[in-house]
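Containing mmCIF, C-alpha atoms: final00.cif.
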data_model
#
loop_
_atom_site.label_atom_id
_atom_site.label_comp_id
_atom_site.auth_asym_id
_atom_site.auth_seq_id
_atom_site.Cartn_x
_atom_site.Cartn_y
_atom_site.Cartn_z
CA MET A 1303 255.01 -107.94 166.73
CA GLU A 1304 258.36 -109.53 167.48
CA LEU A 1305 259.10 -112.50 169.74
CA LYS A 1306 262.50 -112.20 171.36
CA THR A 1307 264.58 -113.62 174.19
CA ILE A 1308 267.08 -111.95 176.48
CA THR A 1309 269.44 -113.61 178.93
CA THR A 1310 270.43 -112.05 182.24
CA SER A 1311 272.29 -113.45 185.23
CA ARG A 1312 268.95 -114.76 186.53
CA LEU A 1313 267.30 -116.42 183.52
CA THR A 1314 266.45 -116.31 179.83
CA THR A 1315 263.19 -114.42 179.36
CA ALA A 1316 261.00 -114.67 176.28
CA TYR A 1317 259.04 -111.54 175.48
CA ARG A 1318 256.84 -109.88 172.90
CA VAL A 1319 257.74 -106.40 171.73
CA HIS A 1320 255.51 -104.12 169.69
CA GLY A 1321 254.75 -100.47 169.21
CA THR A 1322 256.35 -97.18 168.29
CA PRO A 1323 260.00 -96.57 169.27
CA GLY A 1324 260.26 -93.34 171.21
CA ALA A 1325 256.67 -93.57 172.49
CA ARG A 1326 255.76 -94.10 176.15
CA LYS A 1327 257.28 -97.35 177.42
CA LEU A 1328 254.77 -99.84 178.83
CA LEU A 1329 255.65 -103.18 180.42
CA LEU A 1330 252.78 -105.69 180.46
CA ILE A 1331 252.86 -108.56 182.95
CA HIS A 1332 250.50 -111.50 182.42
CA GLY A 1333 248.55 -113.48 184.99
CA ASN A 1334 248.75 -117.00 186.38
CA ALA A 1335 248.32 -119.99 184.05
CA SER A 1336 248.85 -117.85 180.93
CA SER A 1337 251.63 -115.99 179.12
CA SER A 1338 252.27 -112.77 177.25
CA ALA A 1339 250.19 -114.22 174.38
CA PHE A 1340 247.07 -112.96 176.18
CA TYR A 1341 248.24 -109.39 175.55
CA GLU A 1342 248.71 -109.72 171.79
CA PRO A 1343 245.31 -108.23 170.81
CA LEU A 1344 245.76 -105.26 173.14
CA MET A 1345 249.31 -104.64 171.93
CA GLU A 1346 248.09 -104.56 168.34
CA ARG A 1347 245.50 -101.91 169.25
CA LEU A 1348 247.97 -99.73 171.17
CA ALA A 1349 250.92 -99.97 168.78
CA ASP A 1350 250.71 -96.32 167.70
CA GLU A 1351 250.62 -95.00 171.26
CA PHE A 1352 253.13 -97.06 173.23
CA TYR A 1353 256.36 -98.98 172.93
CA MET A 1354 255.44 -102.23 174.69
CA VAL A 1355 257.30 -105.21 176.07
CA ALA A 1356 255.33 -108.17 177.44
CA PRO A 1357 257.57 -110.81 179.06
CA ASP A 1358 256.72 -114.38 179.92
CA LEU A 1359 257.28 -114.83 183.64
CA ARG A 1360 259.51 -117.71 184.68
CA CYS A 1361 257.72 -121.06 184.30
CA PHE A 1362 255.38 -119.65 181.62
CA GLY A 1363 255.51 -119.25 177.86
CA GLY A 1364 258.99 -119.39 176.38
CA SER A 1365 260.90 -118.28 179.47
CA ASP A 1366 263.10 -120.55 181.56
CA ALA A 1367 261.40 -123.05 183.85
CA LEU A 1368 263.15 -122.08 187.06
CA PRO A 1369 261.75 -123.05 190.47
CA VAL A 1370 259.98 -120.35 192.47
CA ASP A 1371 260.85 -119.69 196.11
CA ALA A 1372 257.41 -118.91 197.52
CA THR A 1373 258.86 -117.66 200.81
CA ARG A 1374 259.92 -114.54 198.89
CA GLY A 1375 256.35 -113.80 197.85
CA MET A 1376 256.40 -111.99 194.50
CA ARG A 1377 260.11 -111.17 194.71
CA ASP A 1378 261.46 -113.90 192.42
CA PHE A 1379 259.23 -112.48 189.70
CA SER A 1380 259.96 -108.85 190.57
CA ASP A 1381 263.72 -109.44 190.55
CA ASP A 1382 263.44 -111.17 187.16
CA ILE A 1383 261.53 -108.18 185.81
CA HIS A 1384 264.11 -105.74 187.17
CA GLU A 1385 266.96 -107.52 185.42
CA LEU A 1386 264.93 -107.58 182.22
CA VAL A 1387 264.30 -103.81 182.19
CA GLU A 1388 267.94 -103.21 183.13
CA ALA A 1389 269.01 -105.29 180.13
CA LEU A 1390 266.58 -103.37 177.92
CA GLY A 1391 268.02 -100.08 179.15
CA TRP A 1392 264.68 -98.82 180.51
CA ASP A 1393 265.19 -96.19 183.21
CA LYS A 1394 261.61 -94.91 183.33
CA PHE A 1395 258.49 -96.74 182.23
CA SER A 1396 254.89 -97.57 183.10
CA ILE A 1397 253.79 -101.02 184.23
CA LEU A 1398 250.56 -102.92 183.68
CA GLY A 1399 249.96 -106.14 185.62
CA TRP A 1400 247.02 -108.52 185.34
CA SER A 1401 245.93 -110.84 188.19
CA LEU A 1402 249.14 -112.50 189.46
CA GLY A 1403 250.93 -109.94 187.29
CA GLY A 1404 249.20 -107.21 189.28
CA GLY A 1405 250.87 -108.62 192.38
CA VAL A 1406 254.23 -108.61 190.57
CA ALA A 1407 253.62 -104.98 189.55
CA MET A 1408 252.88 -104.03 193.16
CA GLN A 1409 256.03 -105.79 194.35
CA TYR A 1410 258.07 -104.06 191.65
CA ALA A 1411 256.65 -100.71 192.77
CA ILE A 1412 257.62 -101.49 196.37
CA ASP A 1413 261.15 -102.41 195.26
CA HIS A 1414 261.74 -99.82 192.53
CA SER A 1415 259.16 -97.05 192.73
CA GLU A 1416 261.65 -94.54 191.32
CA ARG A 1417 261.51 -96.30 187.94
CA LEU A 1418 257.77 -96.06 187.46
CA GLU A 1419 255.81 -93.29 185.74
CA ALA A 1420 252.41 -94.97 186.15
CA ILE A 1421 250.93 -98.24 187.44
CA VAL A 1422 247.94 -100.08 185.95
CA LEU A 1423 246.52 -102.88 188.10
CA GLN A 1424 244.21 -105.02 186.01
CA ALA A 1425 242.08 -107.30 188.21
CA PRO A 1426 245.05 -107.71 190.56
CA LEU A 1427 245.17 -110.25 193.34
CA SER A 1428 244.56 -108.69 196.74
CA PRO A 1429 247.60 -107.04 198.33
CA TYR A 1430 247.12 -109.62 201.10
CA GLY A 1431 247.33 -112.56 198.71
CA PHE A 1432 244.81 -115.00 197.30
CA GLY A 1433 242.81 -116.89 199.91
CA GLY A 1434 243.47 -117.32 203.60
CA THR A 1435 242.56 -113.84 204.85
CA TYR A 1436 239.45 -111.95 205.90
CA ASP A 1437 238.31 -108.36 206.58
CA ALA A 1438 239.47 -105.35 204.59
CA ASP A 1439 242.77 -105.11 206.46
CA GLY A 1440 243.83 -108.66 205.59
CA LYS A 1441 243.55 -110.53 208.87
CA LYS A 1442 244.93 -114.06 208.51
CA LEU A 1443 243.06 -117.31 209.04
CA GLU A 1444 244.58 -119.87 211.40
CA PRO A 1445 246.55 -121.98 210.83
CA LEU A 1446 248.52 -119.63 208.59
CA GLY A 1447 248.01 -120.39 204.91
CA LEU A 1448 244.71 -122.20 205.44
CA ALA A 1449 242.53 -122.36 202.29
CA SER A 1450 245.28 -120.86 200.15
CA GLY A 1451 248.14 -121.82 197.87
CA ALA A 1452 248.88 -124.88 195.79
CA GLY A 1453 246.42 -127.21 197.48
CA CYS A 1454 243.56 -125.07 196.14
CA ALA A 1455 244.64 -125.22 192.48
CA ASN A 1456 244.49 -127.69 189.60
CA ALA A 1457 247.52 -128.16 187.37
CA PRO A 1458 246.87 -127.90 183.60
CA GLN A 1459 247.66 -131.09 181.68
CA SER A 1460 248.09 -131.64 177.95
CA GLY A 1461 244.91 -133.69 177.77
CA ASP A 1462 242.83 -130.96 179.38
CA ARG A 1463 242.27 -128.73 176.35
CA ALA A 1464 238.48 -128.87 176.66
CA PHE A 1465 238.60 -128.05 180.38
CA ILE A 1466 241.09 -125.22 179.87
CA GLY A 1467 238.94 -123.86 177.06
CA SER A 1468 235.89 -123.88 179.31
CA VAL A 1469 237.79 -121.96 182.03
CA ILE A 1470 238.87 -119.37 179.48
CA ASP A 1471 235.29 -119.12 178.20
CA THR A 1472 233.71 -118.66 181.64
CA ILE A 1473 236.37 -117.11 183.91
CA TYR A 1474 238.90 -115.30 181.71
CA VAL A 1475 236.02 -113.80 179.70
CA THR A 1476 232.28 -113.58 180.29
CA PRO A 1477 230.24 -116.57 179.02
CA THR A 1478 228.38 -114.35 176.55
CA TYR A 1479 231.61 -113.45 174.75
CA GLN A 1480 233.07 -115.74 172.09
CA ILE A 1481 236.80 -115.52 171.45
CA GLU A 1482 237.78 -115.94 167.80
CA PRO A 1483 238.56 -119.69 167.41
CA ALA A 1484 242.20 -119.39 166.31
CA LEU A 1485 242.93 -116.95 169.12
CA ARG A 1486 241.19 -119.20 171.62
CA GLU A 1487 243.42 -122.10 170.55
CA LYS A 1488 246.47 -119.86 171.01
CA PHE A 1489 245.32 -119.02 174.52
CA ILE A 1490 244.83 -122.71 175.36
CA ASP A 1491 248.35 -123.40 174.06
CA SER A 1492 249.56 -120.53 176.24
CA VAL A 1493 248.02 -122.02 179.39
CA LEU A 1494 249.62 -125.36 178.54
CA THR A 1495 253.10 -123.79 178.59
CA THR A 1496 252.72 -123.56 182.38
CA ARG A 1497 255.44 -125.73 183.96
CA VAL A 1498 253.96 -128.17 186.45
CA GLY A 1499 255.63 -129.38 189.64
CA GLU A 1500 256.31 -128.63 193.29
CA GLY A 1501 258.72 -125.82 192.47
CA PHE A 1502 256.59 -124.58 189.61
CA TYR A 1503 252.78 -124.68 189.25
CA PRO A 1504 250.97 -125.06 191.52
CA GLY A 1505 253.66 -125.84 194.11
CA ASN A 1506 253.72 -127.94 197.28
CA SER A 1507 251.16 -128.06 200.06
CA THR A 1508 250.49 -129.78 203.36
CA THR A 1509 247.38 -131.04 205.10
CA CYS A 1510 245.97 -129.84 208.40
CA GLY A 1511 243.09 -130.66 210.73
CA SER A 1512 240.99 -127.59 209.89
CA TRP A 1513 238.59 -127.29 206.95
CA PRO A 1514 239.41 -127.37 204.03
CA PHE A 1515 242.30 -129.45 205.39
CA VAL A 1516 245.07 -127.86 203.29
CA VAL A 1517 247.60 -125.11 203.93
CA ALA A 1518 250.00 -123.44 201.54
CA GLY A 1519 253.53 -124.70 201.06
CA ASP A 1520 256.80 -122.86 200.53
CA ARG A 1521 257.55 -123.66 196.89
CA GLY A 1522 255.88 -122.93 193.60
CA ILE A 1523 253.78 -120.28 191.92
CA CYS A 1524 250.45 -120.54 193.75
CA ASN A 1525 252.16 -120.40 197.13
CA THR A 1526 253.69 -117.02 196.28
CA MET A 1527 250.14 -115.66 196.68
CA ALA A 1528 249.52 -117.28 200.08
CA PRO A 1529 249.31 -114.94 203.08
CA ASN A 1530 252.24 -116.81 204.65
CA TRP A 1531 254.50 -115.02 202.19
CA CYS A 1532 252.50 -112.44 200.23
CA ASP A 1533 252.02 -108.99 201.76
CA LEU A 1534 251.94 -106.14 199.25
CA SER A 1535 250.33 -103.63 201.55
CA GLY A 1536 253.65 -101.76 201.60
CA LEU A 1537 252.54 -100.29 198.28
CA ALA A 1538 250.78 -97.62 200.35
CA ASP A 1539 254.13 -96.42 201.72
CA ILE A 1540 256.42 -96.34 198.68
CA PRO A 1541 258.46 -93.11 198.49
CA ASN A 1542 257.68 -92.26 194.85
CA LYS A 1543 253.95 -92.53 194.22
CA PRO A 1544 253.07 -92.71 190.51
CA PRO A 1545 249.37 -92.50 189.67
CA ILE A 1546 247.54 -95.83 189.75
CA LEU A 1547 244.71 -97.07 187.55
CA TRP A 1548 242.83 -99.99 189.09
CA ILE A 1549 240.72 -101.47 186.33
CA ARG A 1550 238.54 -104.56 186.56
CA GLY A 1551 235.66 -106.35 184.91
CA GLU A 1552 232.27 -106.06 186.57
CA GLN A 1553 231.60 -109.79 186.02
CA ASP A 1554 235.01 -110.99 187.26
CA LEU A 1555 234.53 -114.37 188.97
CA MET A 1556 238.20 -114.81 189.88
CA VAL A 1557 239.09 -111.65 191.82
CA SER A 1558 236.00 -110.59 193.74
CA ASP A 1559 234.55 -110.25 197.21
CA THR A 1560 232.55 -113.36 196.21
CA SER A 1561 235.25 -115.19 194.25
CA ALA A 1562 234.35 -118.49 192.66
CA CYS A 1563 237.99 -119.46 193.19
CA ASP A 1564 237.96 -118.85 196.97
CA LEU A 1565 237.34 -122.12 198.80
CA ALA A 1566 235.80 -120.28 201.74
CA PHE A 1567 233.24 -118.61 199.48
CA LEU A 1568 232.53 -121.91 197.72
CA GLY A 1569 232.03 -123.55 201.10
CA LYS A 1570 229.68 -120.81 202.23
CA ALA A 1571 227.72 -121.26 198.99
CA GLY A 1572 227.32 -124.98 199.74
CA LEU A 1573 229.56 -126.09 196.87
CA VAL A 1574 232.33 -127.60 199.01
CA PRO A 1575 231.15 -130.00 201.73
CA GLY A 1576 232.04 -129.67 205.38
CA TYR A 1577 232.16 -125.88 205.56
CA PRO A 1578 232.44 -124.95 209.26
CA GLY A 1579 230.69 -121.60 208.94
CA GLU A 1580 231.56 -118.00 208.21
CA GLU A 1581 232.59 -117.31 211.81
CA VAL A 1582 235.37 -119.94 211.45
CA CYS A 1583 236.43 -119.52 207.82
CA PRO A 1584 235.02 -116.32 206.28
CA PRO A 1585 235.39 -115.64 202.52
CA GLN A 1586 238.10 -113.23 201.43
CA PRO A 1587 236.89 -109.72 200.46
CA MET A 1588 239.49 -109.28 197.71
CA LEU A 1589 238.16 -106.01 196.28
CA SER A 1590 237.66 -104.44 199.69
CA GLN A 1591 241.24 -105.33 200.60
CA THR A 1592 242.64 -103.75 197.44
CA ARG A 1593 240.56 -100.62 198.03
CA PHE A 1594 241.76 -100.48 201.65
CA VAL A 1595 245.42 -100.39 200.57
CA LEU A 1596 244.83 -97.96 197.70
CA ASP A 1597 242.93 -95.62 200.03
CA ARG A 1598 246.00 -95.65 202.26
CA TYR A 1599 248.12 -94.94 199.19
CA SER A 1600 245.95 -91.92 198.47
CA ALA A 1601 246.02 -90.75 202.10
CA ASN A 1602 249.83 -90.93 201.97
CA GLY A 1603 250.03 -88.57 198.99
CA GLY A 1604 249.42 -90.84 196.00
CA SER A 1605 246.40 -91.02 193.72
CA TYR A 1606 244.38 -93.79 192.16
CA HIS A 1607 241.32 -94.22 189.98
CA GLU A 1608 239.08 -97.29 190.14
CA ALA A 1609 237.55 -98.07 186.75
CA ILE A 1610 234.86 -100.74 186.59
CA ILE A 1611 233.98 -101.87 183.08
CA PRO A 1612 231.86 -104.75 181.78
CA GLY A 1613 233.73 -108.00 181.42
CA GLY A 1614 235.32 -110.97 183.10
CA HIS A 1615 238.70 -111.51 184.69
CA GLY A 1616 240.37 -110.75 181.36
CA CYS A 1617 238.32 -107.65 180.57
CA MET A 1618 240.99 -106.46 178.12
CA LEU A 1619 239.79 -109.34 175.93
CA ASP A 1620 236.00 -109.32 176.12
CA HIS A 1621 235.61 -105.51 176.43
CA GLU A 1622 238.67 -104.26 174.64
CA ASP A 1623 237.14 -100.91 173.58
CA GLU A 1624 236.11 -99.99 177.13
CA PHE A 1625 239.48 -101.11 178.47
CA ILE A 1626 241.38 -98.96 175.98
CA TYR A 1627 239.10 -96.00 176.65
CA GLU A 1628 239.96 -96.11 180.37
CA LEU A 1629 243.64 -96.63 179.63
CA ARG A 1630 243.79 -93.63 177.28
CA ASN A 1631 241.95 -91.42 179.77
CA PHE A 1632 244.37 -92.44 182.50
CA PHE A 1633 247.50 -91.72 180.48
#

Rewrite the coordinates I just gave you, this time as structure tokens.
Amino acid sequence: MELKTITTSRLTTAYRVHGTPGARKLLLIHGNASSSAFYEPLMERLADEFYMVAPDLRCFGGSDALPVDATRGMRDFSDDIHELVEALGWDKFSILGWSLGGGVAMQYAIDHSERLEAIVLQAPLSPYGFGGTYDADGKKLEPLGLASGAGCANAPQSGDRAFIGSVIDTIYVTPTYQIEPALREKFIDSVLTTRVGEGFYPGNSTTCGSWPFVVAGDRGICNTMAPNWCDLSGLADIPNKPPILWIRGEQDLMVSDTSACDLAFLGKAGLVPGYPGEEVCPPQPMLSQTRFVLDRYSANGGSYHEAIIPGGHGCMLDHEDEFIYELRNFF
């Protein structure tokens, strides 16, 4: 596996490259608070079957720490990715996006569907963003951006290795799975590459008079996923419709209809005080929203397969065999 950098007019991107030249091209896009390092084990397993590039998104890993304009939703990331594949000379390829990266993959498909041969959405954020919406069709809470964005996130700090490790152990993978110690340390280091600040992670936020008294801002990574700016439901209408694999872990606590990272669900569960009730601030049905958009995709002439395997948010880590089985069947 090689670690490389490439400079375009937008930024310098660090990326991992591995696999068999001439094989099917696969671009892997990591999730929030991580980097392409989380895909190393999978890339090793698939080296004989694919030619893979896994970039670090801006503000993560070894890529440039450039501010993110959240008012563009996923488009800063998607535009970065497009310049990367242009520089690599990739005309046709498949894309695999995890969590935040799933949102970037959806945005890329909306912008450049003609480039894609297949789409893999691994535990993607809802097409309607992360937090701040309700019902399967993504209705928005009022005021817009309530219970979403940077005000609902904690920024990783260098002294937080134990805390970051515990999040990896319980959210990224299932608590019954133990990551090999050296790899776990690499993953913690990866999370700590996240650039922190108002233009970076998590971004800016403002207060409001409605519970939980915070609304998303217009700068930074977490705000790109707020319903103010994030609407990926246009995926259902893209002109070229490559087949989609939606794969997720059955024990995922991050992206779920009962997400442990959704303040509305935590309030309903009695874990955040002052919750005004489900009729005022209902939890976000993230899976139902994704299924709603993919069903529209299918009705419009596309196709998708939903694969549910054991595992946590990073099911490619704690159930690698099952993940690869579904991936091979799809391709």

Using the chain letters and numbering of this document, enumerate as a PDB file with C-alpha atoms, in the coordinates of the input the residues selected by the PyMOL selection byres ((chain A and resi 1508) around 9).
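Saved result, part-v8.pdb, follows:
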ATOM      1  CA  GLY A1453     246.420-127.210 197.480  1.00  0.00           C
ATOM      2  CA  ASN A1506     253.720-127.940 197.280  1.00  0.00           C
ATOM      3  CA  SER A1507     251.160-128.060 200.060  1.00  0.00           C
ATOM      4  CA  THR A1509     247.380-131.040 205.100  1.00  0.00           C
ATOM      5  CA  CYS A1510     245.970-129.840 208.400  1.00  0.00           C
ATOM      6  CA  PHE A1515     242.300-129.450 205.390  1.00  0.00           C
ATOM      7  CA  VAL A1516     245.070-127.860 203.290  1.00  0.00           C
ATOM      8  CA  VAL A1517     247.600-125.110 203.930  1.00  0.00           C
ATOM      9  CA  ALA A1518     250.000-123.440 201.540  1.00  0.00           C
ATOM     10  CA  GLY A1519     253.530-124.700 201.060  1.00  0.00           C
TER      11      GLY A1519
END

- prompt: If the PyMOL selection byres ((chain A and resi 1352-1355) around 6) is run on the structure shown, which residues does it catch, given as a list of chain:residue names?
  reply: A:Arg1318, A:Val1319, A:His1320, A:Gly1321, A:Thr1322, A:Pro1323, A:Ala1325, A:Arg1326, A:Lys1327, A:Leu1328, A:Leu1329, A:Ala1349, A:Glu1351, A:Ala1356

query: What would the list of residues within 6 Å of (229.2, -108.5, 180.7) (file frame) look like as a ChimeraX atom specification, if only C-alpha atoms are what count?
result: /A:1476,1553,1612-1613

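For the set A:Ser1380, A:His1607, A:Thr1315, A:Asp1491, the residue with the smallest atom-to-atom gap to Asn1631 (chain A) is A:His1607, counting all atoms listed in the file.
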
- request: Kindly indicate which residue among A:Phe1465, A:Tyr1599, A:Phe1594, A:Tyr1317 lies nearest to Ala1538 (chain A), using all atoms listed in the file for the distances.
  value: A:Tyr1599

Enumerate, as an mmCIF file with C-alpha atoms, keeping the file's coordinate frame, the residues matched when the PyMOL selection byres ((chain A and resi 1620-1629) around 9) is run on the file above.
data_model
loop_
_atom_site.group_PDB
_atom_site.id
_atom_site.type_symbol
_atom_site.label_atom_id
_atom_site.label_comp_id
_atom_site.auth_asym_id
_atom_site.auth_seq_id
_atom_site.Cartn_x
_atom_site.Cartn_y
_atom_site.Cartn_z
ATOM 1 C CA PRO A 1343 245.310 -108.230 170.810
ATOM 2 C CA LEU A 1344 245.760 -105.260 173.140
ATOM 3 C CA ARG A 1347 245.500 -101.910 169.250
ATOM 4 C CA LEU A 1348 247.970 -99.730 171.170
ATOM 5 C CA VAL A 1422 247.940 -100.080 185.950
ATOM 6 C CA TYR A 1474 238.900 -115.300 181.710
ATOM 7 C CA VAL A 1475 236.020 -113.800 179.700
ATOM 8 C CA THR A 1476 232.280 -113.580 180.290
ATOM 9 C CA TYR A 1479 231.610 -113.450 174.750
ATOM 10 C CA GLN A 1480 233.070 -115.740 172.090
ATOM 11 C CA ILE A 1481 236.800 -115.520 171.450
ATOM 12 C CA LEU A 1547 244.710 -97.070 187.550
ATOM 13 C CA ILE A 1549 240.720 -101.470 186.330
ATOM 14 C CA ARG A 1550 238.540 -104.560 186.560
ATOM 15 C CA GLY A 1551 235.660 -106.350 184.910
ATOM 16 C CA ALA A 1609 237.550 -98.070 186.750
ATOM 17 C CA ILE A 1611 233.980 -101.870 183.080
ATOM 18 C CA PRO A 1612 231.860 -104.750 181.780
ATOM 19 C CA GLY A 1613 233.730 -108.000 181.420
ATOM 20 C CA GLY A 1614 235.320 -110.970 183.100
ATOM 21 C CA GLY A 1616 240.370 -110.750 181.360
ATOM 22 C CA CYS A 1617 238.320 -107.650 180.570
ATOM 23 C CA MET A 1618 240.990 -106.460 178.120
ATOM 24 C CA LEU A 1619 239.790 -109.340 175.930
ATOM 25 C CA ARG A 1630 243.790 -93.630 177.280
ATOM 26 C CA ASN A 1631 241.950 -91.420 179.770
ATOM 27 C CA PHE A 1632 244.370 -92.440 182.500
ATOM 28 C CA PHE A 1633 247.500 -91.720 180.480
#

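As for CA of Ala1407 (chain A) and CA of Arg1360 (chain A), they are spaced 14.8 Å apart.
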
- prompt: What is the distance between CA of Ser1396 (chain A) and CA of Leu1596 (chain A), in Å to one decimal?
  reply: 17.7 Å

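Distance annotation: of A:Ser1600, A:Gly1467, A:Ile1412, A:Ala1389, the residue with the minimal separation from Ser1492 (chain A) is A:Gly1467; atom set is all atoms listed in the file.
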
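Closest approach to Ile1473 (chain A) among A:Pro1584, A:Asp1350, A:Ser1558, A:Glu1385: A:Ser1558, based on all atoms listed in the file.
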
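Note that CA of Gly1431 (chain A) and CA of Arg1377 (chain A) are 13.5 Å apart.
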
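Shortest atom-to-atom contact with Glu1552 (chain A) among A:His1615, A:Leu1537, A:Pro1575, A:Val1493: A:His1615, counting all atoms listed in the file.
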
task: Kindly provide, as a PyMOL selection string, the polymer residues lying within 10 Å of (235.4, -121.8, 211.5), counting only C-alpha atoms and using the coordinates exactly as they appear in the file.
output: chain A and resi 1443-1444+1512-1513+1566+1577-1584

task: Name the residues in contact with region 1332-1335 of chain A at a cut-off of 6 Å, using only C-alpha atoms, excluding same-chain residues fewer than 3 positions from it; report them as a PyMOL selection string.
output: chain A and resi 1338+1400-1403+1493+1496

C-alpha atoms of the current selection, written as a compact mmCIF listing (two decimals), keeping the file's coordinate frame:
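Writing done, so here's part16.txt:
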# COMPACT_ATOMS: atom_id res chain seq x y z
CA SER A 1338 252.27 -112.77 177.25
CA TRP A 1400 247.02 -108.52 185.34
CA SER A 1401 245.93 -110.84 188.19
CA LEU A 1402 249.14 -112.50 189.46
CA GLY A 1403 250.93 -109.94 187.29
CA VAL A 1493 248.02 -122.02 179.39
CA THR A 1496 252.72 -123.56 182.38
